[in-house]
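The structure file structure.csv is reproduced below (CSV, C-alpha atoms and all ligand atoms).
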chain,number,residue,atom,x,y,z
A,11,MET,CA,-92.5,-3.6,111.1
A,12,ASP,CA,-90.7,-0.6,109.6
A,13,GLU,CA,-89.0,2.1,111.7
A,14,ARG,CA,-91.7,4.7,111.0
A,15,ARG,CA,-94.5,2.5,112.2
A,16,LEU,CA,-92.5,1.5,115.2
A,17,VAL,CA,-92.1,5.1,116.2
A,18,LYS,CA,-95.7,5.9,115.4
A,19,VAL,CA,-97.1,3.1,117.5
A,20,SER,CA,-94.7,4.0,120.4
A,21,LYS,CA,-95.9,7.6,120.4
A,22,TYR,CA,-99.5,6.5,120.4
A,23,LEU,CA,-98.8,4.1,123.3
A,24,SER,CA,-96.9,6.9,125.2
A,25,ARG,CA,-99.8,9.3,124.8
A,26,HIS,CA,-102.3,6.8,126.3
A,27,LEU,CA,-100.1,4.8,128.8
A,28,ARG,CA,-98.5,7.9,130.3
A,29,HIS,CA,-100.7,10.9,129.8
A,30,ASP,CA,-104.3,10.3,128.6
A,31,PRO,CA,-105.7,6.8,129.1
A,32,GLN,CA,-109.2,8.2,129.1
A,33,ARG,CA,-109.0,9.2,125.5
A,34,LEU,CA,-108.7,5.5,124.7
A,35,GLY,CA,-111.4,4.6,127.1
A,36,ILE,CA,-109.0,2.5,129.3
A,37,GLU,CA,-108.2,2.8,133.0
A,38,LEU,CA,-104.7,2.2,134.4
A,39,ASP,CA,-104.4,0.7,137.8
A,40,ALA,CA,-102.6,2.4,140.6
A,41,GLN,CA,-99.2,1.2,139.3
A,42,GLY,CA,-99.9,2.2,135.7
A,43,TRP,CA,-100.8,-1.3,134.4
A,44,VAL,CA,-103.5,-2.2,132.0
A,45,ASP,CA,-104.4,-5.7,130.6
A,46,VAL,CA,-102.8,-6.3,127.2
A,47,ASP,CA,-106.2,-7.6,126.0
A,48,VAL,CA,-108.0,-4.5,127.2
A,49,LEU,CA,-105.5,-2.3,125.5
A,50,LEU,CA,-105.7,-4.2,122.2
A,51,ALA,CA,-109.5,-4.1,122.2
A,52,ALA,CA,-109.4,-0.3,122.9
A,53,LEU,CA,-106.9,0.2,120.0
A,54,GLU,CA,-109.2,-1.7,117.7
A,55,ARG,CA,-112.2,0.5,118.8
A,56,GLN,CA,-110.1,3.6,118.0
A,57,ARG,CA,-109.3,2.2,114.6
A,58,PHE,CA,-105.6,1.9,115.5
A,59,PRO,CA,-105.6,-1.9,115.2
A,60,LEU,CA,-102.5,-3.7,116.5
A,61,THR,CA,-101.9,-7.5,116.8
A,62,ARG,CA,-100.4,-9.0,119.9
A,63,ALA,CA,-97.3,-9.9,117.9
A,64,GLU,CA,-96.9,-6.3,116.7
A,65,LEU,CA,-97.3,-5.0,120.3
A,66,ASP,CA,-94.6,-7.4,121.5
A,67,GLU,CA,-92.4,-6.2,118.7
A,68,VAL,CA,-92.8,-2.5,119.7
A,69,VAL,CA,-92.1,-3.3,123.3
A,70,GLU,CA,-89.1,-5.4,122.3
A,71,ARG,CA,-87.6,-3.1,119.7
A,72,ASN,CA,-88.4,0.3,121.2
A,73,ASP,CA,-85.3,2.4,121.3
A,74,LYS,CA,-85.6,3.3,125.0
A,75,ARG,CA,-87.6,0.3,126.1
A,76,ARG,CA,-90.3,2.6,127.3
A,77,TYR,CA,-92.9,-0.2,127.9
A,78,VAL,CA,-92.9,-3.5,129.9
A,79,ILE,CA,-95.2,-6.4,129.5
A,80,ARG,CA,-95.5,-8.6,132.7
A,81,ASP,CA,-98.2,-11.2,133.6
A,82,GLY,CA,-100.4,-10.2,130.7
A,83,ARG,CA,-100.3,-6.5,131.5
A,84,ILE,CA,-98.4,-3.6,130.0
A,85,ARG,CA,-97.2,-0.2,131.4
A,86,ALA,CA,-94.9,2.6,130.6
A,87,SER,CA,-91.7,2.4,132.7
A,88,GLN,CA,-91.5,6.1,133.4
A,89,GLY,CA,-92.5,9.5,132.1
A,90,HIS,CA,-96.1,9.6,133.3
A,91,THR,CA,-98.1,12.8,133.9
A,92,VAL,CA,-101.2,10.8,135.2
A,93,ASP,CA,-101.1,9.9,138.8
A,94,VAL,CA,-99.4,6.5,139.2
A,95,ASP,CA,-97.2,4.9,141.8
A,96,LEU,CA,-94.6,2.8,140.0
A,97,GLY,CA,-93.8,1.0,143.3
A,98,LEU,CA,-90.0,1.4,142.8
A,99,GLU,CA,-87.7,0.8,145.7
A,100,PRO,CA,-85.2,3.6,146.6
A,101,LEU,CA,-81.7,2.8,145.4
A,102,ASP,CA,-78.2,4.1,146.0
A,103,PRO,CA,-77.4,6.3,142.9
A,104,PRO,CA,-74.1,6.4,141.1
A,105,ALA,CA,-71.9,9.3,142.3
A,106,GLU,CA,-72.9,11.4,139.3
A,107,LEU,CA,-76.0,11.6,137.1
A,108,PHE,CA,-76.7,13.8,134.1
A,109,HIS,CA,-79.6,16.0,133.0
A,110,GLY,CA,-79.9,17.2,129.5
A,111,THR,CA,-81.8,20.4,129.0
A,112,ALA,CA,-81.8,23.6,126.9
A,113,GLU,CA,-80.1,26.9,127.3
A,114,GLY,CA,-83.4,28.8,127.8
A,115,PHE,CA,-84.1,27.0,131.0
A,116,LEU,CA,-80.8,27.6,132.7
A,117,ALA,CA,-81.6,30.8,134.5
A,118,ALA,CA,-84.6,29.3,136.2
A,119,ILE,CA,-82.7,26.1,137.0
A,120,ARG,CA,-79.8,28.1,138.6
A,121,ALA,CA,-82.4,29.8,140.8
A,122,GLU,CA,-84.6,27.0,141.8
A,123,GLY,CA,-82.9,23.7,140.8
A,124,LEU,CA,-84.5,21.0,138.7
A,125,LYS,CA,-88.2,20.4,139.2
A,126,ALA,CA,-90.4,17.6,137.9
A,127,MET,CA,-92.5,20.1,135.9
A,128,ASP,CA,-95.5,18.1,134.4
A,129,ARG,CA,-94.0,14.7,135.2
A,130,HIS,CA,-93.7,12.9,138.5
A,131,ASP,CA,-90.0,13.2,139.0
A,132,VAL,CA,-86.9,14.8,137.5
A,133,HIS,CA,-85.5,12.4,134.9
A,134,LEU,CA,-81.7,11.9,135.1
A,135,SER,CA,-79.5,9.9,132.7
A,136,PRO,CA,-76.8,7.5,133.8
A,137,ASP,CA,-74.4,8.8,131.2
A,138,TYR,CA,-73.5,11.9,129.4
A,139,ALA,CA,-74.4,10.8,125.9
A,140,THR,CA,-78.0,10.0,126.8
A,141,ALA,CA,-78.3,13.4,128.5
A,142,VAL,CA,-77.1,15.0,125.3
A,143,ARG,CA,-79.9,13.2,123.4
A,144,VAL,CA,-82.6,14.2,125.9
A,145,GLY,CA,-81.5,17.9,125.8
A,146,SER,CA,-81.4,17.8,122.0
A,147,ARG,CA,-85.2,17.4,121.9
A,148,ARG,CA,-85.4,21.1,122.8
A,149,GLY,CA,-82.7,22.6,120.6
A,150,ARG,CA,-79.0,22.9,121.4
A,151,PRO,CA,-78.4,20.7,124.4
A,152,VAL,CA,-76.9,21.6,127.7
A,153,VAL,CA,-75.8,18.9,130.1
A,154,LEU,CA,-75.9,19.4,133.8
A,155,VAL,CA,-73.9,17.2,136.1
A,156,VAL,CA,-75.8,16.2,139.3
A,157,ASP,CA,-73.9,15.3,142.5
A,158,ALA,CA,-76.1,12.4,143.3
A,159,ALA,CA,-73.8,11.0,146.0
A,160,ARG,CA,-74.1,14.2,148.0
A,161,MET,CA,-77.8,14.4,147.5
A,162,ALA,CA,-78.2,10.9,148.7
A,163,ALA,CA,-76.1,11.7,151.7
A,164,GLU,CA,-78.4,14.6,152.5
A,165,GLY,CA,-81.5,12.3,152.4
A,166,HIS,CA,-82.8,12.7,148.8
A,167,GLU,CA,-84.2,9.4,147.5
A,168,PHE,CA,-83.4,8.0,144.1
A,169,PHE,CA,-85.2,5.4,142.0
A,170,ARG,CA,-84.3,3.6,138.8
A,171,SER,CA,-87.1,2.8,136.3
A,172,ASP,CA,-87.2,-0.5,134.5
A,173,ASN,CA,-85.6,1.1,131.5
A,174,GLY,CA,-82.7,2.6,133.4
A,175,VAL,CA,-83.8,6.2,133.8
A,176,TRP,CA,-82.9,7.6,137.3
A,177,LEU,CA,-85.8,9.5,139.0
A,178,THR,CA,-85.8,11.9,142.0
A,179,GLU,CA,-88.3,14.4,143.2
A,180,SER,CA,-86.2,17.5,142.7
A,181,VAL,CA,-82.6,18.6,142.5
A,182,PRO,CA,-81.5,21.6,144.5
A,183,PRO,CA,-79.2,24.1,142.9
A,184,TRP,CA,-76.2,23.2,145.2
A,185,ALA,CA,-76.2,19.7,143.6
A,186,ILE,CA,-75.8,20.9,140.1
A,187,ALA,CA,-72.6,21.7,138.2
A,188,PHE,CA,-73.3,24.0,135.3
A,189,PRO,CA,-71.1,23.9,132.2
B,1,LIG,C1,-86.8,21.6,132.5
B,1,LIG,C2,-88.1,11.8,127.4
B,1,LIG,C3,-87.3,25.6,134.1
B,1,LIG,C4,-86.0,20.3,132.2
B,1,LIG,C5,-86.6,12.1,127.6
B,1,LIG,C6,-86.7,19.8,131.0
B,1,LIG,C7,-86.5,11.9,129.1
B,1,LIG,C8,-86.9,23.4,134.2
B,1,LIG,C9,-88.1,20.4,131.1
B,1,LIG,C10,-87.8,12.1,129.6
B,1,LIG,C11,-86.8,23.4,135.6
B,1,LIG,C12,-89.1,19.3,131.4
B,1,LIG,C13,-87.9,13.4,130.4
B,1,LIG,C14,-86.9,24.7,136.2
B,1,LIG,C15,-86.5,21.4,135.0
B,1,LIG,N1,-87.2,25.7,135.5
B,1,LIG,N2,-87.2,24.5,133.5
B,1,LIG,N3,-86.8,24.8,137.6
B,1,LIG,N4,-86.5,22.2,136.1
B,1,LIG,N5,-86.7,22.1,133.9
B,1,LIG,O1,-89.9,16.4,129.1
B,1,LIG,O2,-86.0,15.5,131.4
B,1,LIG,O3,-88.9,10.0,124.9
B,1,LIG,O4,-90.7,16.8,131.5
B,1,LIG,O5,-84.7,20.5,132.1
B,1,LIG,O6,-85.7,11.4,126.9
B,1,LIG,O7,-86.7,16.7,129.2
B,1,LIG,O8,-90.6,10.6,126.6
B,1,LIG,O9,-88.4,16.3,131.1
B,1,LIG,O10,-86.1,20.3,129.8
B,1,LIG,O11,-86.0,10.6,129.5
B,1,LIG,O12,-89.5,8.4,126.8
B,1,LIG,O13,-88.1,21.3,132.1
B,1,LIG,O14,-88.7,12.2,128.5
B,1,LIG,O15,-88.3,10.4,127.2
B,1,LIG,O16,-89.3,18.5,130.3
B,1,LIG,O17,-87.4,14.5,129.7
B,1,LIG,P1,-89.7,16.9,130.4
B,1,LIG,P2,-87.0,15.8,130.3
B,1,LIG,P3,-89.4,9.8,126.3
As structure tokens - that is how I would like this structure written.
Ligand code: HQG
Amino acid sequence: MDERRLVKVSKYLSRHLRHDPQRLGIELDAQGWVDVDVLLAALERQRFPLTRAELDEVVERNDKRRYVIRDGRIRASQGHTVDVDLGLEPLDPPAELFHGTAEGFLAAIRAEGLKAMDRHDVHLSPDYATAVRVGSRRGRPVVLVVDAARMAAEGHEFFRSDNGVWLTESVPPWAIAFP
């Protein structure tokens, strides 16, 4: 499969496995899973046909490993706006985590910290370079350094998605180092 189709299929999956399963006429279970066969049949109905081998290829080659197939079912590893409980166990975070954002949000973030906005959690990157990429989606990136160790010591819970994104409910201003 060429790169363009890979990205197109991934975006189509993201839309339906994270945000709008109804549009495809599928239901996600409480943890966000749907049977692969049910998904493939729904894609067929929507005239977006995909073979099982192609789906496996998208899951395998996706740049951020956004999807997981397990026991005949598929889900997005993070990034949902629909109500799902990923069932992740809280985990000790590394001392520092990174958040890529854009200049225009800084005043609000200084005042109220990082919020989950439309998603379930604030998304944090394990390394600086990834945070630069995340921030670049919105223009010139700004990288904030989050004192995860101190947050954990103060009782904030951290989770790591199957694809290595760190998740937490919110980040207070005192835990953020601004550039
Ligand atoms: C900002 C992509 C104002 C926050 C990425 C961000 C990531 C605030 C935006 C994943 C704020 C929300 C998530 C506050 C946070 N006031 N703005 N208090 N708190 N913000 O897309 O982290 O390709 O929901 O900085 O790579 O940008 O979809 O979050 O700019 O991993 O797999 O509000 O999505 O991955 O935007 O991105 P998002 P995000 P995928």
(message) So that I can check the surroundings of Arg83 (chain A), please list as a ChimeraX atom specification every protein, DNA and RNA residue that reaches within 10 Å of it, counting only C-alpha atoms and ignoring chain neighbours fewer than 6 positions away.
(response) /A:42-49
(request) Could you pull out every residue with an atom within 9 Å of (-78.9, 13.2, 125.6), file coordinates, counting only C-alpha atoms, and send them as a list in words? (result)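 The answer, in the requested form, is Phe108, His109, Gly110, Thr111, Ser135, Asp137, Tyr138, Ala139, Thr140, Ala141, Val142, Arg143, Val144, Gly145, Ser146, Arg147, Pro151, Val152 and Val153 of chain A.
Selection around (-97.8, -1.1, 133.2) with radius 10 Å, counting only C-alpha atoms, yields the residues Leu27, Arg28, Leu38, Asp39, Ala40, Gln41, Gly42, Trp43, Val44, Asp45, Val46, Tyr77, Val78, Ile79, Arg80, Gly82, Arg83, Ile84, Arg85, Ala86, Ser87, Gln88, Val94 and Leu96 of chain A.
Using only C-alpha atoms, the smallest distance between any of A:Pro31, A:Gly149, A:Pro103, A:Pro189 and Phe168 (chain A) comes from A:Pro103.
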(message) My list of candidates is A:Leu34, A:Val156, A:Pro182, A:Tyr22. Which is closest to Ala118 (chain A) when distances are computed with only C-alpha atoms?
(response)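 The closest residue to Ala118 (chain A) is A:Pro182.
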Taking only residues of chain A that have an atom at most 6 Å from an atom of ligand LIG 1 (chain B), what is each one's shortest atom pair and its distance in Å to one decimal, using all atoms listed in the file, in chain and number order, as JSON lines?
{"residue": "A:Arg76", "atom": "CA", "partner": "B:LIG1", "partner_atom": "O12", "distance": 5.9}
{"residue": "A:Gly89", "atom": "CA", "partner": "B:LIG1", "partner_atom": "O14", "distance": 5.9}
{"residue": "A:Thr111", "atom": "CA", "partner": "B:LIG1", "partner_atom": "O5", "distance": 4.2}
{"residue": "A:Phe115", "atom": "CA", "partner": "B:LIG1", "partner_atom": "C3", "distance": 4.7}
{"residue": "A:Ala118", "atom": "CA", "partner": "B:LIG1", "partner_atom": "N1", "distance": 4.5}
{"residue": "A:Ile119", "atom": "CA", "partner": "B:LIG1", "partner_atom": "N3", "distance": 4.3}
{"residue": "A:Glu122", "atom": "CA", "partner": "B:LIG1", "partner_atom": "N3", "distance": 5.2}
{"residue": "A:Gly123", "atom": "CA", "partner": "B:LIG1", "partner_atom": "N3", "distance": 5.2}
{"residue": "A:Leu124", "atom": "CA", "partner": "B:LIG1", "partner_atom": "N4", "distance": 3.5}
{"residue": "A:Lys125", "atom": "CA", "partner": "B:LIG1", "partner_atom": "N4", "distance": 4.0}
{"residue": "A:Met127", "atom": "CA", "partner": "B:LIG1", "partner_atom": "C12", "distance": 5.7}
{"residue": "A:Asp128", "atom": "CA", "partner": "B:LIG1", "partner_atom": "O4", "distance": 5.8}
{"residue": "A:Arg129", "atom": "CA", "partner": "B:LIG1", "partner_atom": "O4", "distance": 5.4}
{"residue": "A:His133", "atom": "CA", "partner": "B:LIG1", "partner_atom": "O2", "distance": 4.7}
{"residue": "A:Val144", "atom": "CA", "partner": "B:LIG1", "partner_atom": "O6", "distance": 4.3}
(message) Rounded to one decimal, what separation in Å do you get between CA of His29 (chain A) and CA of His130 (chain A)?
(response) 11.3 Å
(request) Could you please determine the separation between CA of Arg55 (chain A) and CA of Asp172 (chain A) in Å, to one decimal place? (result)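 Atom-to-atom, CA of Arg55 (chain A) to CA of Asp172 (chain A), that is 29.5 Å.
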